[in-house]
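Student: Here's a structure for you.
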Amino acid sequence: MSGTPVSFDQHPPHGHPSNTGPSTQKSDKPSTASHAPDTKPDPTDTAPHPQLHGPDGKTGGPLNDATQGGQSAASSASATKLAHLKSKVKSGLRQFPDFPSKGVLFEDIMPIFASHALHTTLIEALELQIAEAFQTQAGEKSEIDVIVGLESRGFLFGPALALRLGAGFVPVRKQGKLPGPCETVTYQKEYGEDVFQMQSDAFKSGQKVVIVDDIIATGGTAAAAGQLVRKLGGTLLGFVFMMELDFLKGREKLDAPAYTLLSGQEESSGEGTGETIDDKLPLGRTKESAEEGKKSVTDTGGSLAEGRP
């Protein structure tokens, strides 16, 4: 194709003030010229889209439906994953009847720590449980400053969990096990008193603390640990346990929220089964202690197994 080029002076573009001739197009696109014709809309002057713009017409306005939908989907996915992890953790538990004494159904958590896969699953489940309970983001450093673990099985997973959360770890121990100045709390057990201690400089006043242990039964040891945290000036966010004996109502003794991965054994009266209370007792319970108002519980694999008072 050949021909003489048409200059701007000979034929200004349509829409230019110098071009007074009729349009050569059947329908013109909306003009974006600085002085748009009265008959042509200027897209830059159109009303903002309510989903994509704020009230001032600027982009980045509230995407309420989309944002809430995304958050809901993420929450649902997290809950589904947590349920799956809980099931895997539960599959790693073993039960031993009449150990360490007659009438005790012993819940053994050690196979979880003997398996790298199950140990990893447990830590991941606890991290998701904490994220759900305390509005943190799994996989990122949380606002939790300190994880406090109770002697002794709180020591098995507390440090690993603290690392995942970007927090420090502080142990609560029995009296005489920690050097230096310590804060002390005495609490009641079914056969007498016991004493918990924490080093006085374990954390700074005002730091946010979560207490962890393997099981909550009557809640006495956890409540004592909570008192220690408050004596040191910590902000107690709550408690997290691997397992709970719901019927013992231990969380009623706690002055902060409590969260658990699993529910433990249920109380059984043996009605209609030929069983007695001796035939099924939970996690370190004896017949006498179960019938004495459920004052306390030996921890899973606790003092009886270790020959301690």
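Chain labels A, B, ... are given in the sequence in which chains occur in the structure tokens; within each chain residues are numbered consecutively from 1, and ligands are likewise numbered from 1 in the order shown.
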If we count only C-alpha atoms and set the cut-off at 9 Å, which residues sit around region 129-139 of chain A, ignoring sequence neighbours fewer than 6 positions away in its own chain? Please answer as a PyMOL selection string.
Tutor: chain A and resi 75+78-79+82+164-165+237-238+240+257+259-261
Student: Determine, counting only C-alpha atoms, which protein, DNA and RNA residues have an atom within 8 Å of an atom of region 153-157 of chain A; residues of the same chain fewer than 5 positions away are not included. Present the result as a list in words.
Tutor: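 Final neighbour list, sorted by chain and number: Ile123, Pro171, Val212, Asp213 and Asp214 of chain A.
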Student: Write a file of the selected residues as a JSON list (two decimals), in the first residue's frame, keeping N, CA and C atoms.
Tutor:
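Listing of again32.json after writing:
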[["chain", "number", "residue", "atom", "x", "y", "z"],
["A", 123, "ILE", "N", 3.40, -31.51, 67.57],
["A", 123, "ILE", "CA", 3.83, -30.11, 67.65],
["A", 123, "ILE", "C", 3.03, -29.24, 66.68],
["A", 171, "PRO", "N", 10.51, -23.73, 82.71],
["A", 171, "PRO", "CA", 9.94, -24.89, 83.40],
["A", 171, "PRO", "C", 9.37, -24.53, 84.77],
["A", 212, "VAL", "N", 1.59, -25.09, 79.37],
["A", 212, "VAL", "CA", 1.28, -26.34, 78.68],
["A", 212, "VAL", "C", 1.60, -27.54, 79.58],
["A", 213, "ASP", "N", 0.81, -28.59, 79.40],
["A", 213, "ASP", "CA", 1.07, -29.86, 80.08],
["A", 213, "ASP", "C", 0.39, -30.97, 79.29],
["A", 214, "ASP", "N", 0.68, -32.22, 79.65],
["A", 214, "ASP", "CA", 0.12, -33.32, 78.88],
["A", 214, "ASP", "C", -1.35, -33.54, 79.17]]
Student: When DSSP is applied to the backbone of this structure, which of region 153-241 of chain A are assigned helix (DSSP H, G or I)? Write them out as a ChimeraX atom specification.
Tutor: /A:154-165,220-231
Student: Determine which residues of region 48-269 of chain A DSSP labels as strand (DSSP E or B) from the backbone of this structure, then write them out as JSON, numbers by chain.
Tutor: {"A": [53, 59, 94, 95, 96, 97, 105, 106, 107, 108, 146, 147, 148, 149, 150, 168, 169, 170, 171, 172, 173, 174, 182, 183, 184, 185, 186, 187, 188, 189, 192, 193, 194, 195, 196, 197, 198, 199, 208, 209, 210, 211, 212, 213, 214, 215, 216, 235, 236, 237, 238, 239, 240, 241, 242, 243, 244, 258, 259, 260, 261, 262, 263]}
Student: A:Lys231, A:Arg173, A:Lys88, A:Lys208: which is nearest Ala117 (chain A), counting only C-alpha atoms?
Tutor: A:Lys88
Student: Between A:Met242, A:Val172, A:Met198, A:Leu118, which one has atoms that come closest to Leu150 (chain A), using only C-alpha atoms?
Tutor: A:Val172
Student: For Val170 (chain A), which residue among A:Ala225, A:Ala217, A:Val185, A:Leu122 is the nearest when counting only C-alpha atoms?
Tutor: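 Of A:Ala225, A:Ala217, A:Val185, A:Leu122, the one nearest Val170 (chain A), counting only C-alpha atoms, is A:Ala225.
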Student: Can you work out which one of A:Leu262, A:Ala202, A:Leu105, A:Ala162 has the shortest atom-to-atom distance to Val229 (chain A), counting only C-alpha atoms?
Tutor: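 Under the stated criterion, the closest residue is A:Ala202.
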Student: Please measure the separation of CA of Ala160 (chain A) and CA of Val209 (chain A), giving the value in Å to one decimal.
Tutor: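 These two atoms are separated by 15.5 Å.
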Student: So, counting only C-alpha atoms, which residue among A:Lys249, A:Lys189, A:Lys204, A:His84 is closest to Ile216 (chain A)?
Tutor: A:Lys249
Student: Looking at A:Lys90, A:Val195, A:Ser205, A:Arg251, which one is nearest to His119 (chain A), with distances taken over only C-alpha atoms?
Tutor: A:Lys90
Student: Which residues, written as a PDB file with C-alpha atoms, in the first residue's frame, have at least one atom at most 8 Å from Leu93 (chain A), with only C-alpha atoms counted and residues fewer than 2 positions away on the same chain left out?
Tutor:
ATOM      1  CA  VAL A  89      -2.057 -37.927  67.636  1.00  0.00           C
ATOM      2  CA  LYS A  90      -4.772 -40.040  69.257  1.00  0.00           C
ATOM      3  CA  SER A  91      -3.693 -43.063  67.218  1.00  0.00           C
ATOM      4  CA  GLN A  95      -3.446 -47.856  77.295  1.00  0.00           C
ATOM      5  CA  GLU A 107      -2.438 -43.651  79.175  1.00  0.00           C
ATOM      6  CA  ASP A 108       0.995 -43.916  77.583  1.00  0.00           C
ATOM      7  CA  ILE A 109       2.057 -40.946  75.452  1.00  0.00           C
ATOM      8  CA  MET A 110       5.646 -42.078  74.933  1.00  0.00           C
ATOM      9  CA  PRO A 111       5.040 -43.752  71.520  1.00  0.00           C
ATOM     10  CA  ILE A 112       4.281 -40.297  70.148  1.00  0.00           C
TER      11      ILE A 112
END
